[in-house]
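Asks: The following block contains the structure, expressed as structure tokens.
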Amino acid sequence: MNSSPFAGYSLLQQALFTSTPPQLVSTKNAPQSSDLQITTRQYSLLLRLQQRYISRPHSAANSIDKQPSNRHEFAIALQSLITHILDRQQPISPSNLAAIESLKKDFVPELVTLPVRVASALRNRENRDKLSAQFANSQIDVWGQSCVSNCISSNRNTISSTPAKIDNSQPEKTKFPLGTKISGEVLLTGFGIGGNPIEDEDNNDRRIQAGYRARLNINTSFTGFDRLRVRLQKSDIAAVNRVTGSDMTRISYQGNTNGQIVLNRLEYRFPIDNNTELFATARGGNLATFGDPLNPHLDSGSEGTISRFGVRNPIYRQGRGSGFGITHKLGTDFTVGLGYLADDANEIDRGLFGGSYGAIAQITYKPNPQFGIGVNYIKSFNRLDTNTGSDRSNDPFNDTSNAIVADAFGVQSSAQISPNIYLGGWAGLTRAQAMDLPGNPSANIFNWAATLSLVDISGKNSLAGIIIGQPPKVTHNQFTANGASFSDPDTSLHLEAFYRIPVAEDIATTLGVLVITNPDHNAANGTTYVGVIRTLIKF
């Protein structure tokens with residue numbers, strides 16, 4: 001008699017379930033990835049598998065209203081799906097096996113922190129009946145609907161035995177169309193500036209300032225797999241660089257809509273299969289949509305870095321506006337992205353292809369949630385100004401060229417070296433050429449950064465970050481001014497540290513300091529200091 005807990009299962013099923021889940025660890029020591037977003041591809045795979053293996057009393061179209069709202073709920077739904085297949089000994093095709101394996105790989109940090117009883121029952125067929133009862137008693141639905149707040153304790157190591165049944169009723173209707181979710185945030189900030197500013201005709205002397213930014217995001221899904229995003233914004237935050245005289249001091253969220261509510265972003269993304277997603281952007285697009293900048297925890301101007309330079313490799317900023325793109329997953333580890341954005345697509349005389357533009361091609365290798373590396377190439381026309389480096393890096397031809405073609409090459413990487421520590425960095429090299437000047441002179445522009453993130457070090461949602469780098473610098477230039485090369489004479493360093501303190505579940509305050517040595521890559525300029533306090537309220 002076969003004593004294996006998987007006796008009677010197909011070879012494919014045994015291959016799948018004997019490899020999951022990994023040995024449980026406590027939540028304190030488990031990998032943390034709750035800040036990673038659930039992709040449309042992952043939603044698509046889960047729903048397709050649920051439609052294939054689980055019968056519902058009402059249509060799938062009615063069940064997508066309540067998609068898993070976070071990675072832990074998604075992991076619960078995935079683990080429940082696996083249990084459902086095991087319980088019914090359903091045959092599973094090689095393609096669906098690969099899809100489940102891919103999702104398991106993407107959600108390793110969440111799967112290892114699921115309740116001990118659930119995980120052990122999945123590894124031991126003799127306990128499957130007990131598992132089913134526990135799921136029934138905890139209202140955890142295989143479609144990701146759950147009462148996590150009521151049924152699973154905060155340490156996620158036990159399941160409450162509160163009597164309840166699986167909720168298979170029709171989803172409650174809302175006042176919004178199917179799949180619409182509205183969220184928003186209000187950002188309040190103040191900052192102080194020290195050091196001697198670079199003389200500039202646009203400078204002002206307001207060394208201490210305060211401001212706000214309000215955003216309303218309206219995300220709508222028509223099929224459960226696609227997403228239409230509309231973002232409205234109103235802001236009044238003074239430009240720090242107007243005080244210091246250098247773009248190197250720009251903070252990540254500054255801007256002024258002059259008292260108006262503006263359309264900040266309008267984009268639509270939808271999959272054409274399990275591995276491919278298309279993007280169409282009418283307003284507010286950026287090239288990082290088509291290639292992961294691999295700067296986790298720091299790449300948010302609202303919750304992460306305080307500086308514009310620290311958000312991502314500046315070469316991603318050589319394209320913005322309206323356009324289109326595609327991402328395609330090659331196997332489980334590689335993703336390829338292509339995208340094109342134009343600044344002046346709404347102008348009749350220029351359109352999508354007649355003005356300044358930026359186009360990107362990127363390949364990203366991410367074998368697991370803890371490590372990733374990406375390389376990219378960006379081609380741009382008259383889109384060299386990233387507002388993160390020196391004046392010469394923004395325009396290496398001293399405002400004499402109206403046809404600047406640039407080729408940029410970047411590499412960026414991130415590694416989680418422990419549950420709470422992330423290391424990362426990037427490097428970017430741009431070769432710009434003035435096509436309308438005699439001899440077509442060229443210039444080389446280089447930047448780099450190294451980053452450190454300390455996540456949840458003093459409590460949930462706390463974050464400390466350190467960024468050290470060199471903002472974009474003209475290292476070589478064939479163009480001359482007054483008989484000398486129009487290159488940057490010295491080297492600036494970007495030194496940044498910040499700490500985010502959670503005040504309440506949806507409120508956090510960040511304290512940060514930014515130091516720029518030799519601003520504008522010129523030792524004649526004194527060191528600049530910027531101190532920031534930022535409070536974010538989400539709703």
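Each chain in the structure tokens gets a letter, A, B and so on, in the order shown; residues start at 1 in every chain, and ligands are counted from 1 in the order they appear.
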Applying 10 Å and only C-alpha atoms, which residues near Leu45 (chain A) remain after dropping the ones on its own chain fewer than 4 positions away? List them as a list in words.
Replies: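 Counting only the stated atoms, we get Thr40, Arg41, Leu49, Gln50, Gln51, Asn96, Ala99, Ile100, Ser102, Leu103, Phe225, Asp273, Asn274 and Asn275 of chain A.
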Asks: Show which residues sit within 6 Å of Phe270 (chain A), as an MDAnalysis selection string. Count only C-alpha atoms, and ignore same-chain residues fewer than 3 positions away.
Replies: chainID A and resid 226 277:278
Asks: Quick one: residues within 6 Å of region 330-342 of chain A, only C-alpha atoms counted, chain neighbours fewer than 6 positions away excluded, as number ranges by chain?
Replies: A: 290-291, 319-324, 352, 356-367
Asks: Just write the chosen residues, N, CA and C atoms, as a compact mmCIF listing (two decimals), in the first residue's frame.
Replies:
```txt
# COMPACT_ATOMS: atom_id res chain seq x y z
N PHE A 290 7.17 51.03 -19.11
CA PHE A 290 7.49 49.92 -20.01
C PHE A 290 8.74 49.14 -19.58
N GLY A 291 9.42 49.62 -18.55
CA GLY A 291 10.60 48.93 -18.05
C GLY A 291 10.77 49.19 -16.57
N GLY A 319 11.75 60.83 -21.96
CA GLY A 319 10.53 60.53 -22.70
C GLY A 319 9.34 60.69 -21.77
N ARG A 320 8.33 61.39 -22.23
CA ARG A 320 7.12 61.60 -21.42
C ARG A 320 6.00 62.04 -22.33
N GLY A 321 4.78 62.02 -21.81
CA GLY A 321 3.65 62.52 -22.56
C GLY A 321 2.69 61.44 -23.00
N SER A 322 2.40 61.39 -24.31
CA SER A 322 1.41 60.47 -24.87
C SER A 322 2.09 59.44 -25.75
N GLY A 323 1.54 58.23 -25.76
CA GLY A 323 2.13 57.20 -26.62
C GLY A 323 1.59 55.82 -26.33
N PHE A 324 2.42 54.83 -26.57
CA PHE A 324 1.98 53.44 -26.47
C PHE A 324 3.18 52.55 -26.15
N LEU A 352 1.88 62.78 -33.01
CA LEU A 352 2.59 61.78 -32.24
C LEU A 352 4.03 61.57 -32.71
N SER A 356 9.21 66.26 -30.33
CA SER A 356 10.14 65.59 -29.43
C SER A 356 9.53 64.27 -28.96
N TYR A 357 10.38 63.28 -28.72
CA TYR A 357 9.91 61.96 -28.32
C TYR A 357 11.00 61.21 -27.56
N GLY A 358 10.59 60.13 -26.92
CA GLY A 358 11.51 59.18 -26.28
C GLY A 358 10.99 57.78 -26.50
N ALA A 359 11.87 56.84 -26.82
CA ALA A 359 11.48 55.45 -27.05
C ALA A 359 12.43 54.55 -26.26
N ILE A 360 11.88 53.49 -25.68
CA ILE A 360 12.67 52.62 -24.80
C ILE A 360 12.54 51.17 -25.21
N ALA A 361 13.63 50.43 -25.03
CA ALA A 361 13.64 48.97 -25.10
C ALA A 361 14.37 48.47 -23.87
N GLN A 362 13.74 47.59 -23.12
CA GLN A 362 14.36 47.11 -21.88
C GLN A 362 14.11 45.61 -21.72
N ILE A 363 15.12 44.93 -21.20
CA ILE A 363 14.96 43.54 -20.80
C ILE A 363 15.32 43.44 -19.32
N THR A 364 14.45 42.79 -18.57
CA THR A 364 14.62 42.67 -17.12
C THR A 364 14.68 41.20 -16.74
N TYR A 365 15.67 40.87 -15.94
CA TYR A 365 15.83 39.52 -15.42
C TYR A 365 15.48 39.53 -13.94
N LYS A 366 14.43 38.78 -13.57
CA LYS A 366 13.98 38.74 -12.20
C LYS A 366 13.64 37.30 -11.83
N PRO A 367 14.65 36.52 -11.41
CA PRO A 367 14.42 35.10 -11.12
C PRO A 367 13.57 34.85 -9.88
```
Asks: Sorted by chain and rising residue number, list the residues of region 476-497 of chain A at most 7 Å from region 434-450 of chain A (counting only C-alpha atoms), each with its closest atom pair and distance in Å to one decimal, as a Markdown table.
Replies:
```
| residue | atom | partner | partner_atom | distance |
| --- | --- | --- | --- | --- |
| A:His476 | CA | A:Asn444 | CA | 5.2 |
| A:Asn477 | CA | A:Ala443 | CA | 4.1 |
| A:Gln478 | CA | A:Pro441 | CA | 5.2 |
| A:Phe479 | CA | A:Pro441 | CA | 5.5 |
```
Asks: Go ahead and write the residues just picked, all heavy atoms, as an mmCIF file, in the first residue's frame.
Replies:
```
data_model
loop_
_atom_site.group_PDB
_atom_site.id
_atom_site.type_symbol
_atom_site.label_atom_id
_atom_site.label_comp_id
_atom_site.auth_asym_id
_atom_site.auth_seq_id
_atom_site.Cartn_x
_atom_site.Cartn_y
_atom_site.Cartn_z
ATOM 1 N N HIS A 476 32.278 64.544 -21.428
ATOM 2 C CA HIS A 476 33.037 64.827 -22.656
ATOM 3 C C HIS A 476 32.131 65.552 -23.628
ATOM 4 O O HIS A 476 30.948 65.211 -23.757
ATOM 5 C CB HIS A 476 33.540 63.526 -23.289
ATOM 6 C CG HIS A 476 34.189 63.735 -24.627
ATOM 7 N ND1 HIS A 476 35.448 64.271 -24.772
ATOM 8 C CD2 HIS A 476 33.731 63.495 -25.898
ATOM 9 C CE1 HIS A 476 35.751 64.346 -26.066
ATOM 10 N NE2 HIS A 476 34.719 63.880 -26.762
ATOM 11 N N ASN A 477 32.678 66.580 -24.297
ATOM 12 C CA ASN A 477 31.858 67.360 -25.215
ATOM 13 C C ASN A 477 32.716 67.900 -26.360
ATOM 14 O O ASN A 477 33.736 68.560 -26.132
ATOM 15 C CB ASN A 477 31.190 68.532 -24.476
ATOM 16 C CG ASN A 477 29.993 69.080 -25.220
ATOM 17 O OD1 ASN A 477 29.799 68.812 -26.401
ATOM 18 N ND2 ASN A 477 29.168 69.850 -24.509
ATOM 19 N N GLN A 478 32.295 67.617 -27.578
ATOM 20 C CA GLN A 478 32.975 68.156 -28.752
ATOM 21 C C GLN A 478 32.566 69.593 -29.030
ATOM 22 O O GLN A 478 33.269 70.306 -29.758
ATOM 23 C CB GLN A 478 32.654 67.288 -29.980
ATOM 24 C CG GLN A 478 33.232 65.885 -29.908
ATOM 25 C CD GLN A 478 32.829 65.041 -31.098
ATOM 26 O OE1 GLN A 478 31.883 65.372 -31.827
ATOM 27 N NE2 GLN A 478 33.550 63.943 -31.315
ATOM 28 N N PHE A 479 31.453 70.004 -28.466
ATOM 29 C CA PHE A 479 31.006 71.378 -28.636
ATOM 30 C C PHE A 479 31.833 72.287 -27.740
ATOM 31 O O PHE A 479 32.114 71.964 -26.576
ATOM 32 C CB PHE A 479 29.526 71.493 -28.269
ATOM 33 C CG PHE A 479 28.972 72.885 -28.346
ATOM 34 C CD1 PHE A 479 28.609 73.423 -29.569
ATOM 35 C CD2 PHE A 479 28.816 73.655 -27.204
ATOM 36 C CE1 PHE A 479 28.088 74.706 -29.653
ATOM 37 C CE2 PHE A 479 28.295 74.931 -27.278
ATOM 38 C CZ PHE A 479 27.925 75.463 -28.504
#
```
Asks: Measuring between only C-alpha atoms, which one of A:His297, A:Arg308, A:Arg383, A:His521 shows the shortest distance to Ala464 (chain A)?
Replies: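 Checking each candidate against Ala464 (chain A), we get A:His297 as the closest.
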Asks: What is the CA of Thr39 (chain A)-CA of Val375 (chain A) distance in Å, reported with one decimal?
Replies: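 Pair CA of Thr39 (chain A) / CA of Val375 (chain A) returns 20.7 Å.
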